[in-house]
>>> print(open('entry.cif').read())   # mmCIF, C-alpha atoms
data_protein
#
loop_
_atom_site.group_PDB
_atom_site.id
_atom_site.type_symbol
_atom_site.label_atom_id
_atom_site.label_comp_id
_atom_site.auth_asym_id
_atom_site.auth_seq_id
_atom_site.Cartn_x
_atom_site.Cartn_y
_atom_site.Cartn_z
ATOM 1 C CA MET W 170 37.274 136.520 77.845
ATOM 2 C CA SER W 171 38.763 140.004 78.077
ATOM 3 C CA ASP W 172 40.070 142.031 75.150
ATOM 4 C CA THR W 173 43.683 141.545 76.262
ATOM 5 C CA ASP W 174 43.148 137.777 76.299
ATOM 6 C CA LYS W 175 41.705 137.961 72.780
ATOM 7 C CA ASP W 176 44.863 139.764 71.643
ATOM 8 C CA LYS W 177 46.981 136.925 73.048
ATOM 9 C CA LEU W 178 45.074 134.128 71.315
ATOM 10 C CA THR W 179 47.031 132.028 68.910
ATOM 11 C CA ASP W 180 45.803 130.059 65.933
ATOM 12 C CA HIS W 181 46.075 126.819 67.881
ATOM 13 C CA GLU W 182 42.965 125.080 69.090
ATOM 14 C CA TYR W 183 42.881 121.589 70.566
ATOM 15 C CA ASP W 184 39.597 119.893 71.507
ATOM 16 C CA GLY W 185 37.875 123.243 71.761
ATOM 17 C CA ILE W 186 40.610 124.753 73.914
ATOM 18 C CA LYS W 187 42.190 127.888 72.565
ATOM 19 C CA GLU W 188 45.823 128.633 73.402
ATOM 20 C CA LEU W 189 46.979 131.966 74.802
ATOM 21 C CA ASP W 190 50.381 133.366 73.911
ATOM 22 C CA ASN W 191 51.708 134.242 77.407
ATOM 23 C CA PRO W 192 55.391 135.185 77.692
ATOM 24 C CA LEU W 193 57.631 133.217 80.036
ATOM 25 C CA PRO W 194 58.397 134.841 83.417
ATOM 26 C CA GLY W 195 61.460 137.075 83.484
ATOM 27 C CA TRP W 196 63.202 135.111 86.259
ATOM 28 C CA TRP W 197 62.858 131.916 84.212
ATOM 29 C CA LEU W 198 64.286 133.533 81.072
ATOM 30 C CA ALA W 199 67.162 135.058 83.078
ATOM 31 C CA THR W 200 68.034 131.633 84.551
ATOM 32 C CA PHE W 201 67.854 130.048 81.120
ATOM 33 C CA TYR W 202 70.181 132.631 79.553
ATOM 34 C CA ILE W 203 72.621 132.403 82.466
ATOM 35 C CA THR W 204 72.895 128.624 82.024
ATOM 36 C CA ILE W 205 73.597 129.101 78.323
ATOM 37 C CA VAL W 206 76.354 131.626 79.031
ATOM 38 C CA PHE W 207 77.774 129.388 81.780
ATOM 39 C CA SER W 208 77.830 126.363 79.483
ATOM 40 C CA ILE W 209 79.677 128.305 76.787
ATOM 41 C CA VAL W 210 82.297 129.536 79.285
ATOM 42 C CA TYR W 211 82.580 126.064 80.850
ATOM 43 C CA TYR W 212 83.059 124.382 77.472
ATOM 44 C CA ALA W 213 85.605 126.971 76.362
ATOM 45 C CA TYR W 214 87.621 126.638 79.600
ATOM 46 C CA TYR W 215 87.597 122.860 79.985
ATOM 47 C CA GLU W 216 87.502 121.664 76.385
ATOM 48 C CA LEU W 217 89.250 124.391 74.396
ATOM 49 C CA GLY W 218 91.242 126.207 77.073
ATOM 50 C CA SER W 219 93.603 125.284 79.857
ATOM 51 C CA GLY W 220 91.103 123.750 82.280
ATOM 52 C CA PRO W 221 92.139 120.440 83.815
ATOM 53 C CA SER W 222 90.602 117.248 82.511
ATOM 54 C CA LEU W 223 88.899 114.807 84.868
ATOM 55 C CA ASP W 224 92.025 112.636 84.811
ATOM 56 C CA GLN W 225 94.172 115.616 85.755
ATOM 57 C CA GLU W 226 91.798 116.583 88.581
ATOM 58 C CA LEU W 227 91.849 113.006 89.858
ATOM 59 C CA GLN W 228 95.645 112.907 89.699
ATOM 60 C CA THR W 229 95.866 116.200 91.623
ATOM 61 C CA LYS W 230 93.537 114.911 94.334
ATOM 62 C CA LEU W 231 95.398 111.607 94.567
ATOM 63 C CA GLU W 232 98.696 113.486 94.938
ATOM 64 C CA LYS W 233 97.208 115.544 97.785
ATOM 65 C CA ILE W 234 95.966 112.382 99.488
ATOM 66 C CA GLU W 235 99.359 110.718 99.078
ATOM 67 C CA GLU W 236 101.075 113.810 100.464
ATOM 68 C CA LYS W 237 98.829 113.760 103.530
ATOM 69 C CA GLN W 238 99.465 110.048 103.983
ATOM 70 C CA ASN W 239 103.198 110.614 103.759
ATOM 71 C CA GLN W 240 102.995 113.371 106.349
ATOM 72 C CA ALA W 241 100.929 111.213 108.672
ATOM 73 C CA GLU W 242 102.836 108.028 107.891
ATOM 74 C CA MET W 243 103.707 106.124 110.954
ATOM 75 C CA LYS W 244 107.432 105.809 111.275
ATOM 76 C CA GLN W 245 109.422 103.039 112.788
ATOM 77 C CA PRO W 246 110.982 104.032 116.087
ATOM 78 C CA ASP W 247 114.497 105.207 115.448
ATOM 79 C CA PRO W 248 116.826 102.380 116.485
ATOM 80 C CA GLY W 249 119.514 104.953 117.178
ATOM 81 C CA ASN W 250 117.403 106.506 119.938
ATOM 82 C CA VAL W 251 116.471 103.282 121.715
ATOM 83 C CA ASP W 252 118.912 100.923 123.417
ATOM 84 C CA TYR W 253 116.999 97.679 123.019
ATOM 85 C CA SER W 254 119.542 95.568 124.913
ATOM 86 C CA GLN W 255 119.086 97.868 127.891
ATOM 87 C CA LEU W 256 115.305 97.463 127.637
ATOM 88 C CA LEU W 257 115.642 93.676 127.792
ATOM 89 C CA ALA W 258 117.536 94.044 131.091
ATOM 90 C CA ASP W 259 115.145 96.666 132.523
ATOM 91 C CA ASN W 260 112.518 94.836 134.615
ATOM 92 C CA GLU W 261 110.405 97.993 134.958
ATOM 93 C CA ALA W 262 110.331 98.510 131.174
ATOM 94 C CA LEU W 263 109.442 94.840 130.642
ATOM 95 C CA ALA W 264 106.651 95.096 133.234
ATOM 96 C CA THR W 265 105.262 98.166 131.467
ATOM 97 C CA GLY W 266 105.530 96.336 128.140
ATOM 98 C CA LYS W 267 103.738 93.316 129.595
ATOM 99 C CA ASP W 268 100.903 95.470 130.993
ATOM 100 C CA ILE W 269 100.342 97.120 127.624
ATOM 101 C CA TYR W 270 100.673 93.767 125.834
ATOM 102 C CA MET W 271 98.000 92.254 128.076
ATOM 103 C CA GLN W 272 95.655 95.186 127.385
ATOM 104 C CA LYS W 273 96.193 95.518 123.638
ATOM 105 C CA CYS W 274 97.752 92.327 122.239
ATOM 106 C CA ALA W 275 96.762 89.344 124.369
ATOM 107 C CA ALA W 276 93.316 89.014 122.765
ATOM 108 C CA CYS W 277 94.905 87.971 119.465
ATOM 109 C CA HIS W 278 98.356 86.706 120.474
ATOM 110 C CA GLY W 279 97.452 85.023 123.782
ATOM 111 C CA ALA W 280 98.363 85.775 127.379
ATOM 112 C CA GLN W 281 101.629 83.815 127.047
ATOM 113 C CA ASN W 282 102.303 85.062 123.480
ATOM 114 C CA GLN W 283 101.367 81.571 122.258
ATOM 115 C CA GLY W 284 99.185 82.817 119.393
ATOM 116 C CA VAL W 285 95.412 82.646 119.168
ATOM 117 C CA ILE W 286 94.076 84.527 116.160
ATOM 118 C CA GLY W 287 97.445 86.155 115.624
ATOM 119 C CA PRO W 288 100.699 84.245 115.219
ATOM 120 C CA ASN W 289 102.754 82.630 117.960
ATOM 121 C CA LEU W 290 105.311 85.174 119.220
ATOM 122 C CA THR W 291 107.441 82.726 121.217
ATOM 123 C CA ASP W 292 109.093 80.783 118.396
ATOM 124 C CA ASN W 293 111.765 81.856 115.903
ATOM 125 C CA TYR W 294 109.337 82.017 112.972
ATOM 126 C CA TRP W 295 108.355 85.539 111.870
ATOM 127 C CA LEU W 296 105.764 86.615 109.336
ATOM 128 C CA ASN W 297 106.844 90.257 109.370
ATOM 129 C CA GLY W 298 110.434 91.331 109.792
ATOM 130 C CA LYS W 299 113.356 89.348 111.140
ATOM 131 C CA GLY W 300 112.315 89.072 114.779
ATOM 132 C CA THR W 301 114.516 91.904 116.040
ATOM 133 C CA ILE W 302 113.083 94.249 118.636
ATOM 134 C CA ALA W 303 113.222 97.053 116.072
ATOM 135 C CA ASP W 304 111.241 94.927 113.583
ATOM 136 C CA ILE W 305 108.692 94.016 116.258
ATOM 137 C CA ALA W 306 108.348 97.695 117.181
ATOM 138 C CA HIS W 307 107.856 98.574 113.523
ATOM 139 C CA VAL W 308 105.062 95.991 113.156
ATOM 140 C CA ILE W 309 103.402 97.397 116.297
ATOM 141 C CA VAL W 310 103.574 100.901 114.835
ATOM 142 C CA VAL W 311 102.309 100.179 111.314
ATOM 143 C CA GLY W 312 100.286 97.041 112.005
ATOM 144 C CA VAL W 313 99.479 94.380 109.442
ATOM 145 C CA PRO W 314 96.051 95.528 108.189
ATOM 146 C CA GLU W 315 95.779 92.788 105.558
ATOM 147 C CA ASN W 316 95.946 90.208 108.368
ATOM 148 C CA GLY W 317 93.702 92.112 110.760
ATOM 149 C CA MET W 318 96.331 93.728 112.996
ATOM 150 C CA PRO W 319 95.691 97.453 113.371
ATOM 151 C CA PRO W 320 98.477 100.022 113.563
ATOM 152 C CA TRP W 321 98.965 100.890 117.228
ATOM 153 C CA LYS W 322 100.695 104.233 116.627
ATOM 154 C CA GLY W 323 98.715 106.829 118.513
ATOM 155 C CA MET W 324 96.975 104.204 120.651
ATOM 156 C CA ILE W 325 100.147 103.196 122.461
ATOM 157 C CA LYS W 326 102.479 105.977 123.591
ATOM 158 C CA ASP W 327 105.568 106.291 121.400
ATOM 159 C CA GLU W 328 107.881 105.767 124.373
ATOM 160 C CA ASP W 329 106.024 102.550 125.333
ATOM 161 C CA ILE W 330 106.177 100.849 121.920
ATOM 162 C CA PRO W 331 109.827 99.749 122.360
ATOM 163 C CA LYS W 332 108.904 98.403 125.824
ATOM 164 C CA VAL W 333 106.131 96.254 124.344
ATOM 165 C CA ALA W 334 108.517 95.071 121.622
ATOM 166 C CA ALA W 335 111.169 94.234 124.242
ATOM 167 C CA TYR W 336 108.590 92.300 126.283
ATOM 168 C CA ILE W 337 107.571 90.295 123.197
ATOM 169 C CA LYS W 338 111.234 89.601 122.357
ATOM 170 C CA SER W 339 111.885 88.491 125.955
ATOM 171 C CA LYS W 340 109.296 85.730 125.531
ATOM 172 C CA VAL W 341 110.902 84.186 122.428
ATOM 173 C CA GLY W 342 111.903 80.625 123.279
ATOM 174 C CA SER W 343 109.533 80.335 126.266
ATOM 175 C CA SER W 344 107.508 77.525 124.600
ATOM 176 C CA PRO W 345 104.142 77.997 126.359
ATOM 177 C CA ALA W 346 101.602 75.177 126.460
ATOM 178 C CA GLY W 347 99.147 75.151 123.554
ATOM 179 C CA ALA W 348 101.357 77.319 121.352
ATOM 180 C CA LYS W 349 100.169 77.852 117.807
ATOM 181 C CA ALA W 350 102.103 76.084 115.048
ATOM 182 C CA PRO W 351 105.004 78.038 113.540
ATOM 183 C CA GLN W 352 104.161 80.490 110.785
ATOM 184 C CA GLY W 353 106.423 82.510 108.569
ATOM 185 C CA GLU W 354 110.157 82.371 108.015
ATOM 186 C CA LEU W 355 112.565 80.703 110.420
ATOM 187 C CA ILE W 356 115.073 83.241 111.701
ATOM 188 C CA GLU W 357 118.203 81.762 113.261
ATOM 189 C CA GLU W 358 119.762 83.989 115.861
#
>>> encode(input="entry.cif", output="structure tokens")
Amino acid sequence: MSDTDKDKLTDHEYDGIKELDNPLPGWWLATFYITIVFSIVYYAYYELGSGPSLDQELQTKLEKIEEKQNQAEMKQPDPGNVDYSQLLADNEALATGKDIYMQKCAACHGAQNQGVIGPNLTDNYWLNGKGTIADIAHVIVVGVPENGMPPWKGMIKDEDIPKVAAYIKSKVGSSPAGAKAPQGELIEE
């Protein structure tokens, strides 16, 4: 044992082992003191000062999320911009609507709109809306997530959504074979 080690010896001895009094490394002490200063500043700002509480931070984040949702909210096609009666008489628009329906909707609503997983679209019973073309278009846009129907906004072109809705409306009263039982509210036209 060197003379410098003898100077560092403490009075402690455990099982024949003598303890040296070595100082902690400078980087460790600096980190320790920085955390103490940080904790004092943190406590002063958040507990004694004007720092937001966790509830306030949560509320701020929820407001930002709601704002983004409102900005991205899918809007119902403007009935003032679409002449639905003209769409019902336009064979080309109905053919386009049928093509898109067969690609996107037939898996759940059936090839003849008779209803499979989704409801029957050929009767006068409606689960969502009042059975108008505008209501049908709105349901296509926003979907019915709680019943498994996704929102189709962005997956179907905006200009084609009224065509799909017009095609669906054109099939009301067609009474296909094997149609699903009525669901929803009876809407008399």
>>> resolve_selection(input="entry.cif", expression="the PyMOL selection byres ((chain W and resi 259-261) around 12)", output="list of chain:residue names")
W:Asp252, W:Tyr253, W:Ser254, W:Gln255, W:Leu256, W:Leu257, W:Ala258, W:Ala262, W:Leu263, W:Ala264, W:Thr265, W:Gly266, W:Lys267, W:Asp268, W:Asp329, W:Pro331, W:Lys332, W:Val333, W:Ala335, W:Tyr336, W:Ser339
>>> residues_around(input="entry.cif", residues="Asn282 of chain W", least_positions_apart="3", cutoff="12 Å", atoms="only C-alpha atoms", output="JSON, numbers by chain")
{"W": [267, 270, 271, 274, 275, 276, 277, 278, 279, 285, 286, 287, 288, 289, 290, 291, 292, 333, 334, 336, 337, 338, 339, 340, 341, 342, 343, 344, 345, 346, 347, 348, 349]}
>>> atom_distance(input="entry.cif", atom1="atom CA of Glu357 of chain W", atom2="atom CA of Ile305 of chain W")
15.8 Å
>>> closest_residue(input="entry.cif", among="W:Val251, W:Leu193, W:Ile356, W:Ile330", to="Ala306 of chain W", atoms="only C-alpha atoms")
W:Ile330
>>> residues_around(input="entry.cif", residues="Pro319 of chain W", least_positions_apart="6", cutoff="12 Å", atoms="only C-alpha atoms", output="PyMOL selection string")
chain W and resi 273-274+277+287+308-313+325
>>> atom_distance(input="entry.cif", atom1="atom CA of Leu178 of chain W", atom2="atom CA of Gly195 of chain W")
20.6 Å
>>> atom_distance(input="entry.cif", atom1="atom CA of Glu236 of chain W", atom2="atom CA of Met318 of chain W")
24.1 Å
>>> closest_residue(input="entry.cif", among="W:Met324, W:Phe201, W:Ile209, W:Leu189", to="Gln272 of chain W", atoms="all atoms listed in the file")
W:Met324
>>> closest_residue(input="entry.cif", among="W:Gly353, W:Thr179, W:Lys326, W:Gln281", to="Asn297 of chain W", atoms="all atoms listed in the file")
W:Gly353
>>> build_atoms(input="entry.cif", residues="segment 329-344 of chain W", atoms="N, CA and C atoms", output="PDB file, in the coordinates of the input")
ATOM      1  N   ASP W 329     106.355 103.892 124.837  1.00  0.00           N
ATOM      2  CA  ASP W 329     106.024 102.550 125.333  1.00  0.00           C
ATOM      3  C   ASP W 329     106.116 101.472 124.261  1.00  0.00           C
ATOM      4  N   ILE W 330     106.116 101.844 122.999  1.00  0.00           N
ATOM      5  CA  ILE W 330     106.177 100.849 121.920  1.00  0.00           C
ATOM      6  C   ILE W 330     107.445 100.002 122.011  1.00  0.00           C
ATOM      7  N   PRO W 331     108.636 100.599 122.209  1.00  0.00           N
ATOM      8  CA  PRO W 331     109.827  99.749 122.360  1.00  0.00           C
ATOM      9  C   PRO W 331     109.746  98.827 123.580  1.00  0.00           C
ATOM     10  N   LYS W 332     109.056  99.245 124.628  1.00  0.00           N
ATOM     11  CA  LYS W 332     108.904  98.403 125.824  1.00  0.00           C
ATOM     12  C   LYS W 332     108.046  97.184 125.509  1.00  0.00           C
ATOM     13  N   VAL W 333     106.976  97.381 124.751  1.00  0.00           N
ATOM     14  CA  VAL W 333     106.131  96.254 124.344  1.00  0.00           C
ATOM     15  C   VAL W 333     106.936  95.313 123.453  1.00  0.00           C
ATOM     16  N   ALA W 334     107.693  95.888 122.513  1.00  0.00           N
ATOM     17  CA  ALA W 334     108.517  95.071 121.622  1.00  0.00           C
ATOM     18  C   ALA W 334     109.560  94.290 122.415  1.00  0.00           C
ATOM     19  N   ALA W 335     110.176  94.919 123.408  1.00  0.00           N
ATOM     20  CA  ALA W 335     111.169  94.234 124.242  1.00  0.00           C
ATOM     21  C   ALA W 335     110.510  93.109 125.037  1.00  0.00           C
ATOM     22  N   TYR W 336     109.298  93.352 125.549  1.00  0.00           N
ATOM     23  CA  TYR W 336     108.590  92.300 126.283  1.00  0.00           C
ATOM     24  C   TYR W 336     108.323  91.108 125.366  1.00  0.00           C
ATOM     25  N   ILE W 337     107.845  91.374 124.152  1.00  0.00           N
ATOM     26  CA  ILE W 337     107.571  90.295 123.197  1.00  0.00           C
ATOM     27  C   ILE W 337     108.858  89.526 122.898  1.00  0.00           C
ATOM     28  N   LYS W 338     109.954  90.249 122.664  1.00  0.00           N
ATOM     29  CA  LYS W 338     111.234  89.601 122.357  1.00  0.00           C
ATOM     30  C   LYS W 338     111.711  88.775 123.549  1.00  0.00           C
ATOM     31  N   SER W 339     111.431  89.227 124.766  1.00  0.00           N
ATOM     32  CA  SER W 339     111.885  88.491 125.955  1.00  0.00           C
ATOM     33  C   SER W 339     111.186  87.142 126.090  1.00  0.00           C
ATOM     34  N   LYS W 340     110.054  86.977 125.437  1.00  0.00           N
ATOM     35  CA  LYS W 340     109.296  85.730 125.531  1.00  0.00           C
ATOM     36  C   LYS W 340     109.651  84.721 124.437  1.00  0.00           C
ATOM     37  N   VAL W 341     110.492  85.113 123.485  1.00  0.00           N
ATOM     38  CA  VAL W 341     110.902  84.186 122.428  1.00  0.00           C
ATOM     39  C   VAL W 341     111.665  83.034 123.071  1.00  0.00           C
ATOM     40  N   GLY W 342     111.263  81.820 122.733  1.00  0.00           N
ATOM     41  CA  GLY W 342     111.903  80.625 123.279  1.00  0.00           C
ATOM     42  C   GLY W 342     111.245  80.112 124.548  1.00  0.00           C
ATOM     43  N   SER W 343     110.176  80.754 125.015  1.00  0.00           N
ATOM     44  CA  SER W 343     109.533  80.335 126.266  1.00  0.00           C
ATOM     45  C   SER W 343     108.656  79.103 126.100  1.00  0.00           C
ATOM     46  N   SER W 344     108.283  78.739 124.916  1.00  0.00           N
ATOM     47  CA  SER W 344     107.508  77.525 124.600  1.00  0.00           C
ATOM     48  C   SER W 344     106.309  77.302 125.528  1.00  0.00           C
TER      49      SER W 344
END
